[in-house]
Every structure is written in structure tokens, then in C-alpha cells.
Amino acid sequence: MINLYTAVILLTLMLLAITAADIATNRLITKQVKKSGVAGCVVIGLAAAAECAAEMVSGNGDLAELCVAFKFIEMCLAPATGVIIAVAYGEPIKCRAAIAIVIIHVIFQAASLPQGLVVSVDSDGIMHREALFAVYVIVFTASIMYAFTSVILLGRKYQRNPGFVLACILLILAEGVVDLFADPEVRVAYICIAATNVFLYMNYFMTMLGVDQVTKLLDRRSYDSWIDNAPVGAVVVLFDVDDFKKVNDTYGHYPGDYCLQQIGACIIKVYKKCGKCFRIGGDEFCVIISSSKNSVIELNQQFVEELSAIRAEDERIPHVSMGYAFYDYGIPNISSVVAKADRMLYENKAKKKEADASR
């Protein structure tokens, strides 16, 4: 007869299997994310199954060594889940160091478990936690924090700040982990980890769904959402690449994409700290910021200087025309602000053409 704990483990494995299948068949994510995501589901599942197997043989003195073996598998795999999740859904830093720590932890467990320094099994086959069990707790907790730090860094890279949902996901995981270490009889950690894995996968997918794959800025869909909800006091800055068609005709589309990437990198470098940066068309960009008139002018000048520095190294990078407008009180809607910025942009573009023609 299936007890509550076994039912929880079965639900955990089913959830992981469904998640892995969805990741494997998702054509909108990269092969690397698919591999890491599926690997994460497999590792979590193996750790949960090992914990369940250890529980099933616990209480049988004749199977004490088998119980320790299953616990060894679980305690080696559990900390690895954080690193795999970080690689799959985050922007991991010092990844080799994190992997090295997991490997060192496996060696530590291999040396300590047979000696009964981490867990021990009495003559009745009952497992007990020993003093060095704290090492496992520390490494496992550190791997989870590493995963969440990596997810937050990925969000910041793509202009998505940690939100309420991500905080709630962390609380779900914390609940399962704290219960596991506080009371050995409460074993819901792996279903919490499996649920967290699903939410982090969804968070990653939603983040990347709003990113332009060429420039890594936010895309047109994101722009439409942001511009419709722009608050009064916002500033809209529009950018248009000068004679971009000539770049494609002269150098080809791959160098054209490179030029867009360089321009996008300049925009994100200058404006990210105070606004959201978008690619809204083929060679058109936009920034929505909240700032004073003087700071906008300073930011625009800084962008010109950054772009000039890049153009000095690569003459293929074209000039960029800009226009901006303020969403002041009394303006009926944001559309009129965008139209005003657009007019300034094309006025500036026309002035450039007149200046070039007069030379």
C-alpha cells in the first residue's frame, strides 16, 4: 500500500518527467538550455528516488549498507541540482569553481559516509545524523543560493528585475529545505525542488520570450507592453540607424547584424541604469526612462561619445539619429509623445543629410 511519502515522491517524479518532456520539445530555447534543463530534471529525480529507496530499506539491520549507499547517492546529487539549475536558467558566475565544490563534496561524502561521520545506521537499521551532516546542509544550501543568484543575474542582464514571483519561488524552496533539516520526519524537499525547477524554467522562458535575439535588448512585444503603461514623467528616446540599407548592401547581413549588436550594446551601456532599452524595428531602437531634461541630454551625449569610440575602431558602424520627448502632465497620451520624439528624430536625420550634401 502506498503511503503519503511514497505518493509525494511519485508526484515529484511525474512533475519532473512532464517538465523534462516540455523542455525537450520546446523549439524556442537553445540546445544548451535543453540539455541542462533535462539534466536538472534527471538529477533531481535520481536524488528523490535515492532518498525514497533509503527510506524503504531503513529499519532493516540486514540492509544497513544498502541504506547508506542510497543515502550517499542522494547526498552527492542534491547539491549538484543547484549548479545545473544555474547553468540551465541563469547566468552562472565562476561555474568551474561551483562544479569543483560539488566534486569535492562527493569525495568528502565518499570518505566520510562509510565511517559514519555524516550519517550512521544502528543495529536496527535506523539512520541517524552525525556531526558532519552540517557540511551537507551548508553545501546544499549554498548550491541553491548559487542557482537563485544566477537566475537574478540573468534577469538583470535582460532588464528583468527580481520580482514578487521569484521571491515566492524561493520561499517555496526554503520551506521544503528547512522542513527537511529541521525535522527528518517531514520529507517534502524534493517536491519543493521539483516545483521550483518548473517555476524557474517558466521564468527563464518568459524572460527570453521578450528579448530580441540579435541585439539582446527587449523586443517589440516588450516595447508595446511598456509603452502602453508608461507613467507620466517618462521620457521616450528614439534611435534610427543612418543609411542602414547601405551597410547590408555593402557588407552583407551578418556584418549588418554585427552593427546592430554594437549599437545595441552602446544603448544598453548608457541607458540601462535609468530605463528600459528596446529594439522596436529592423534598425530602430527606443529607450523609456524617467529622468530630468538635463540628464536626458547628458545621456544622449554620452551615447554619441560611446558610439564614436566604436566607429573609430570599425568604420562599418554607421551613425545613429536620435529624437526624444517628455510625457509631461497635460499630454493626452503616450502616443503623442512617441510621435513628437519621432518628428525630432527625422528632423535631426534631415539636418545630417543637408550637412553632408553641403560638404
# chains A, B, ... in the order shown; residues from 1 in each chain; ligands from 1
>>> residues_around(residues="range 14-30 of chain A", least_positions_apart="5", cutoff="7 Å", atoms="only C-alpha atoms", output="JSON, numbers by chain")
{"A": [37, 38, 41, 45, 194, 198]}
>>> residues_around(residues="Glu305 in chain A", least_positions_apart="2", cutoff="12 Å", atoms="only C-alpha atoms", output="ChimeraX atom specification")
/A:263,266-267,269-270,298-303,307-312,319-320
>>> atom_distance(atom1="CA of Ser58 in chain A", atom2="CA of Gly125 in chain A")
5.5 Å
>>> select_by_dssp(residues="range 123-337 of chain A", states="alpha helix (DSSP H)", output="JSON, numbers by chain")
{"A": [133, 134, 135, 136, 137, 138, 139, 140, 141, 142, 143, 144, 145, 146, 147, 148, 149, 150, 151, 152, 153, 154, 155, 156, 157, 164, 165, 166, 167, 168, 169, 170, 171, 172, 173, 174, 175, 176, 177, 178, 179, 180, 181, 182, 189, 190, 191, 192, 193, 194, 195, 196, 197, 198, 199, 200, 201, 202, 203, 204, 205, 206, 207, 208, 209, 220, 221, 222, 223, 224, 225, 226, 227, 228, 244, 245, 246, 247, 248, 249, 250, 251, 253, 254, 255, 256, 257, 258, 259, 260, 261, 262, 263, 264, 265, 266, 267, 268, 269, 270, 271, 293, 294, 295, 296, 297, 298, 299, 300, 301, 302, 303, 304, 305, 306, 307, 308, 309, 310, 311, 312, 313, 334, 335, 336, 337]}
>>> select_by_dssp(residues="range 92-281 of chain A", states="strand (DSSP E)", output="PyMOL selection string")
chain A and resi 119-121+127-129+234-241+275-279
>>> residues_around(residues="Ile268 in chain A", least_positions_apart="3", cutoff="8 Å", atoms="only C-alpha atoms", output="mmCIF file with N, CA, C and O atoms, in the first residue's frame")
data_model
loop_
_atom_site.group_PDB
_atom_site.id
_atom_site.type_symbol
_atom_site.label_atom_id
_atom_site.label_comp_id
_atom_site.auth_asym_id
_atom_site.auth_seq_id
_atom_site.Cartn_x
_atom_site.Cartn_y
_atom_site.Cartn_z
ATOM 1 N N LEU A 217 18.513 43.185 -26.612
ATOM 2 C CA LEU A 217 17.662 44.177 -25.969
ATOM 3 C C LEU A 217 16.251 43.604 -25.892
ATOM 4 O O LEU A 217 15.950 42.551 -26.472
ATOM 5 N N GLY A 264 23.308 48.376 -30.176
ATOM 6 C CA GLY A 264 22.519 47.945 -29.027
ATOM 7 C C GLY A 264 23.340 47.897 -27.760
ATOM 8 O O GLY A 264 22.858 48.253 -26.672
ATOM 9 N N ALA A 265 24.614 47.467 -27.866
ATOM 10 C CA ALA A 265 25.499 47.422 -26.701
ATOM 11 C C ALA A 265 25.758 48.825 -26.157
ATOM 12 O O ALA A 265 25.819 49.021 -24.937
ATOM 13 N N TYR A 271 22.056 53.648 -21.133
ATOM 14 C CA TYR A 271 20.706 53.931 -20.639
ATOM 15 C C TYR A 271 20.145 52.886 -19.675
ATOM 16 O O TYR A 271 19.120 53.142 -19.029
ATOM 17 N N LYS A 272 20.785 51.717 -19.565
ATOM 18 C CA LYS A 272 20.191 50.646 -18.763
ATOM 19 C C LYS A 272 19.970 51.042 -17.310
ATOM 20 O O LYS A 272 18.993 50.633 -16.690
ATOM 21 N N CYS A 277 15.509 49.403 -22.455
ATOM 22 C CA CYS A 277 16.044 49.564 -23.810
ATOM 23 C C CYS A 277 15.440 48.508 -24.733
ATOM 24 O O CYS A 277 15.425 47.321 -24.393
#
>>> atom_distance(atom1="CA of Tyr5 in chain A", atom2="CA of Ala86 in chain A")
28.1 Å
>>> residues_around(residues="Ile107 in chain A", least_positions_apart="4", cutoff="12 Å", atoms="only C-alpha atoms", output="VMD selection string")
chain A and resid 72 to 73 75 to 76 100 to 103 111 to 114
>>> write_last_selection(atoms="C-alpha atoms", output="short mmCIF file (atom, residue, chain, number, x, y, z; two decimals), in the first residue's frame")
data_model
loop_
_atom_site.label_atom_id
_atom_site.label_comp_id
_atom_site.auth_asym_id
_atom_site.auth_seq_id
_atom_site.Cartn_x
_atom_site.Cartn_y
_atom_site.Cartn_z
CA PHE A 72 25.34 8.51 -0.44
CA ILE A 73 23.76 8.82 -3.91
CA MET A 75 23.68 13.46 -0.73
CA CYS A 76 26.03 13.62 -3.72
CA ALA A 100 34.72 21.84 -8.33
CA ILE A 101 32.98 22.35 -4.97
CA VAL A 102 30.35 19.75 -5.91
CA ILE A 103 33.08 17.28 -6.89
CA ALA A 111 35.34 9.30 2.55
CA SER A 112 33.01 10.19 5.44
CA LEU A 113 29.85 8.14 4.98
CA PRO A 114 31.44 4.68 5.39
#
>>> residues_around(residues="range 244-250 of chain A", least_positions_apart="2", cutoff="8 Å", atoms="only C-alpha atoms", output="PyMOL selection string")
chain A and resi 241-242+252-253+255-256+283+316+318
>>> closest_residue(among="A:Ala341, A:Val83, A:Leu4, A:Cys192", to="Ala142 in chain A", atoms="only C-alpha atoms")
A:Val83
>>> residues_around(residues="Gly116 in chain A", least_positions_apart="2", cutoff="12 Å", atoms="only C-alpha atoms", output="PDB file with C-alpha atoms, in the first residue's frame")
ATOM      1  CA  ALA A  64      22.145  -1.123   6.586  1.00  0.00           C
ATOM      2  CA  GLU A  65      24.921  -0.903   3.993  1.00  0.00           C
ATOM      3  CA  VAL A  68      23.960   4.090   3.437  1.00  0.00           C
ATOM      4  CA  ALA A  69      24.634   3.568  -0.297  1.00  0.00           C
ATOM      5  CA  LYS A  71      21.900   7.997   1.115  1.00  0.00           C
ATOM      6  CA  PHE A  72      25.343   8.508  -0.444  1.00  0.00           C
ATOM      7  CA  GLN A 109      30.916  12.065   1.234  1.00  0.00           C
ATOM      8  CA  ALA A 110      32.705   9.020  -0.178  1.00  0.00           C
ATOM      9  CA  ALA A 111      35.340   9.299   2.548  1.00  0.00           C
ATOM     10  CA  SER A 112      33.014  10.188   5.441  1.00  0.00           C
ATOM     11  CA  LEU A 113      29.848   8.135   4.981  1.00  0.00           C
ATOM     12  CA  PRO A 114      31.439   4.675   5.387  1.00  0.00           C
ATOM     13  CA  VAL A 118      27.838  12.135   8.238  1.00  0.00           C
ATOM     14  CA  VAL A 119      25.071   9.619   8.908  1.00  0.00           C
ATOM     15  CA  SER A 120      25.136   6.320  10.747  1.00  0.00           C
ATOM     16  CA  VAL A 121      22.880   3.273  10.886  1.00  0.00           C
ATOM     17  CA  ASP A 122      22.285   1.432  14.160  1.00  0.00           C
ATOM     18  CA  MET A 127      19.630   6.091  10.236  1.00  0.00           C
ATOM     19  CA  HIS A 128      20.919   8.920  12.433  1.00  0.00           C
ATOM     20  CA  ARG A 129      22.523  12.228  11.534  1.00  0.00           C
ATOM     21  CA  GLU A 130      26.028  12.834  12.812  1.00  0.00           C
ATOM     22  CA  ALA A 131      28.117  15.978  13.347  1.00  0.00           C
ATOM     23  CA  LEU A 132      29.395  16.262   9.759  1.00  0.00           C
ATOM     24  CA  PHE A 133      25.857  16.224   8.392  1.00  0.00           C
TER      25      PHE A 133
END
>>> closest_residue(among="A:Val188, A:Ile317, A:Val304, A:Ala39", to="Leu260 in chain A", atoms="only C-alpha atoms")
A:Ile317
>>> closest_residue(among="A:Tyr329, A:Trp226, A:Tyr89, A:Tyr258", to="Thr149 in chain A", atoms="only C-alpha atoms")
A:Tyr89
>>> residues_around(residues="Ala54 in chain A", least_positions_apart="3", cutoff="7 Å", atoms="only C-alpha atoms", output="list of chain:residue names")
A:Ala50, A:Glu51, A:Val57, A:Ser58, A:Cys67, A:Phe70, A:Lys71
>>> atom_distance(atom1="CA of Ile280 in chain A", atom2="CA of Tyr223 in chain A")
6.9 Å
